[in-house]
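A.B. asks: What follows is a structure written as structure tokens; I'll ask about it next.
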Amino acid sequence: MTRWPLPAPMAAALQQARMAADAGEVPIGAVIVKDGQIIAAAHNAPRAQCDPTAHAEILAIRAAAAALGNERLSNCELWVTLEPCPMCAGAIAHARIARLYYAASDPKGGAVEHGAQVFDHPQCLHAPQVYAGMGEAKAAALLRDFFQARR
């Protein structure tokens, strides 16, 4: 079986997730790509920022919107290490992100293929193209190790 290298954006998102773990945050990382270039990178920081909305996706979306000077991130890709929650899926739709790539599924809190399935609702303003599973084993191992160390 041929093993393909992880795409650079997912490798960068995993590096962000490791930074989150090192900071004591749940290890989730995200990057936003436009025209093949990473324009924003972030990791979970709700504890550090005393902000329950400081998820990796939200922070990356905010940084990308500021970098582009536009609240619409059309033609952008979001690469994240875990299936987005309902809040983040809503932000992805509002930002009009074109493509979403996520590594590990989240049957408990995810809202793309699990739970609320935000992009499948008729009220959803915009649904990105979704690609799941790239880097899944690495992202899942980061999360598993993080939570095992805290039990």
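Following the order of the structure tokens, chains are lettered A, B, ..., residues in each are numbered from 1, and ligands are numbered from 1.
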Excluding Glu57 (chain A) and residues on its chain fewer than 5 positions from it, collect all residues at most 8 Å away from it, counting only C-alpha atoms, and give them as a CSV table (one decimal) with N, CA, C and O atoms, in the first residue's frame.

C.D. replies:
chain,number,residue,atom,x,y,z
A,29,GLY,N,-6.1,22.2,15.7
A,29,GLY,CA,-5.5,23.3,14.9
A,29,GLY,C,-6.2,23.5,13.6
A,29,GLY,O,-6.8,22.6,13.1
A,30,ALA,N,-6.1,24.7,13.1
A,30,ALA,CA,-6.7,25.1,11.8
A,30,ALA,C,-5.8,26.0,11.0
A,30,ALA,O,-5.1,26.8,11.6
A,31,VAL,N,-5.9,25.9,9.7
A,31,VAL,CA,-5.3,26.9,8.8
A,31,VAL,C,-6.2,27.2,7.7
A,31,VAL,O,-7.1,26.4,7.3
A,42,ALA,N,-4.2,28.9,13.4
A,42,ALA,CA,-4.6,29.1,14.8
A,42,ALA,C,-4.8,27.8,15.4
A,42,ALA,O,-5.0,26.7,14.8
A,43,HIS,N,-4.9,27.8,16.7
A,43,HIS,CA,-5.2,26.6,17.5
A,43,HIS,C,-6.2,27.0,18.6
A,43,HIS,O,-6.4,28.2,18.9
A,78,LEU,N,-10.5,25.8,4.4
A,78,LEU,CA,-10.2,25.6,5.8
A,78,LEU,C,-9.7,24.2,6.1
A,78,LEU,O,-10.4,23.2,5.7
A,80,VAL,N,-8.7,21.7,9.1
A,80,VAL,CA,-8.8,21.6,10.6
A,80,VAL,C,-8.6,20.1,11.0
A,80,VAL,O,-8.9,19.2,10.2
A,84,PRO,N,-15.7,20.1,12.6
A,84,PRO,CA,-16.1,21.3,13.3
A,84,PRO,C,-17.4,21.1,14.1
A,84,PRO,O,-18.3,20.3,13.7
A,88,CYS,N,-18.7,26.4,14.9
A,88,CYS,CA,-17.7,26.6,13.9
A,88,CYS,C,-18.3,26.3,12.5
A,88,CYS,O,-17.9,27.0,11.6

A.B. asks: Can you pull out every residue within 10 Å of Gln129 (chain A), counting only C-alpha atoms, but drop anything in the same chain fewer than 2 positions away, and send it as number ranges by chain?

C.D. replies: A: 77, 97-101, 119, 126-127, 131

A.B. asks: With N, CA and C atoms retained, could you export that selection as an mmCIF file, in the first residue's frame?

C.D. replies:
data_model
loop_
_atom_site.group_PDB
_atom_site.id
_atom_site.type_symbol
_atom_site.label_atom_id
_atom_site.label_comp_id
_atom_site.auth_asym_id
_atom_site.auth_seq_id
_atom_site.Cartn_x
_atom_site.Cartn_y
_atom_site.Cartn_z
ATOM 1 N N GLU A 77 -9.894 27.808 1.581
ATOM 2 C CA GLU A 77 -10.031 26.466 2.129
ATOM 3 C C GLU A 77 -9.722 26.520 3.615
ATOM 4 N N ILE A 97 -16.712 29.934 3.138
ATOM 5 C CA ILE A 97 -15.508 29.169 2.822
ATOM 6 C C ILE A 97 -15.856 28.134 1.751
ATOM 7 N N ALA A 98 -15.012 28.020 0.746
ATOM 8 C CA ALA A 98 -15.307 27.159 -0.409
ATOM 9 C C ALA A 98 -15.136 25.676 -0.094
ATOM 10 N N ARG A 99 -14.044 25.329 0.592
ATOM 11 C CA ARG A 99 -13.746 23.923 0.865
ATOM 12 C C ARG A 99 -13.318 23.738 2.308
ATOM 13 N N LEU A 100 -13.822 22.669 2.916
ATOM 14 C CA LEU A 100 -13.474 22.303 4.284
ATOM 15 C C LEU A 100 -12.811 20.933 4.254
ATOM 16 N N TYR A 101 -11.608 20.849 4.814
ATOM 17 C CA TYR A 101 -10.904 19.581 4.970
ATOM 18 C C TYR A 101 -10.741 19.350 6.460
ATOM 19 N N PHE A 119 -24.491 21.823 7.465
ATOM 20 C CA PHE A 119 -24.490 22.139 6.034
ATOM 21 C C PHE A 119 -25.625 21.469 5.267
ATOM 22 N N HIS A 126 -24.728 28.753 3.156
ATOM 23 C CA HIS A 126 -23.688 28.306 2.231
ATOM 24 C C HIS A 126 -23.113 27.003 2.761
ATOM 25 N N ALA A 127 -22.902 26.059 1.894
ATOM 26 C CA ALA A 127 -22.286 24.797 2.287
ATOM 27 C C ALA A 127 -20.990 24.610 1.501
ATOM 28 N N TYR A 131 -14.280 17.501 2.692
ATOM 29 C CA TYR A 131 -13.388 16.363 2.525
ATOM 30 C C TYR A 131 -12.910 15.947 3.911
#

A.B. asks: Would you mind writing down, as a VMD selection string, each residue of region 4-112 of chain A that DSSP on the backbone assigns to helix (DSSP H, G or I)?

C.D. replies: chain A and resid 8 to 22 46 to 49 56 to 68 86 to 95

A.B. asks: Of the candidates A:Ala41, A:Val33, A:Leu143, A:Ala64, which shows the shortest atom-to-atom distance to Ser105 (chain A), using only C-alpha atoms?

C.D. replies: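 Of all the options, A:Leu143 lies closest to Ser105 (chain A).
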
A.B. asks: Give the strand (DSSP E or B) residues of chain A, as DSSP finds them on the backbone, and put them as an NGL selection string.

C.D. replies: :A and (29-34 or 37-43 or 76-82 or 99-104 or 129-132)

A.B. asks: Report as a VMD selection string all protein, DNA and RNA residues lying within 12 Å of region 11-22 of chain A, evaluated on only C-alpha atoms, omitting residues in the same chain fewer than 4 positions from it.

C.D. replies: chain A and resid 5 to 7 26 to 33 37 to 48 54 to 57 59 to 60 78 to 82 101 to 104 134 to 147 149 to 150

A.B. asks: Neighbours of region 123-125 of chain A within 7 Å (only C-alpha atoms; same-chain residues fewer than 4 positions away dropped), as a PyMOL selection string?

C.D. replies: chain A and resi 93-94+118-119

A.B. asks: Any idea what the distance is between CA of Gly110 (chain A) and CA of Asp35 (chain A)?

C.D. replies: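 According to the coordinates, CA of Gly110 (chain A) and CA of Asp35 (chain A) are separated by 27.5 Å.
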
A.B. asks: Could you tell me how far CA of Ala95 (chain A) sits from CA of Asn70 (chain A), in Å to one decimal place?

C.D. replies: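 A separation of 9.3 Å between them.
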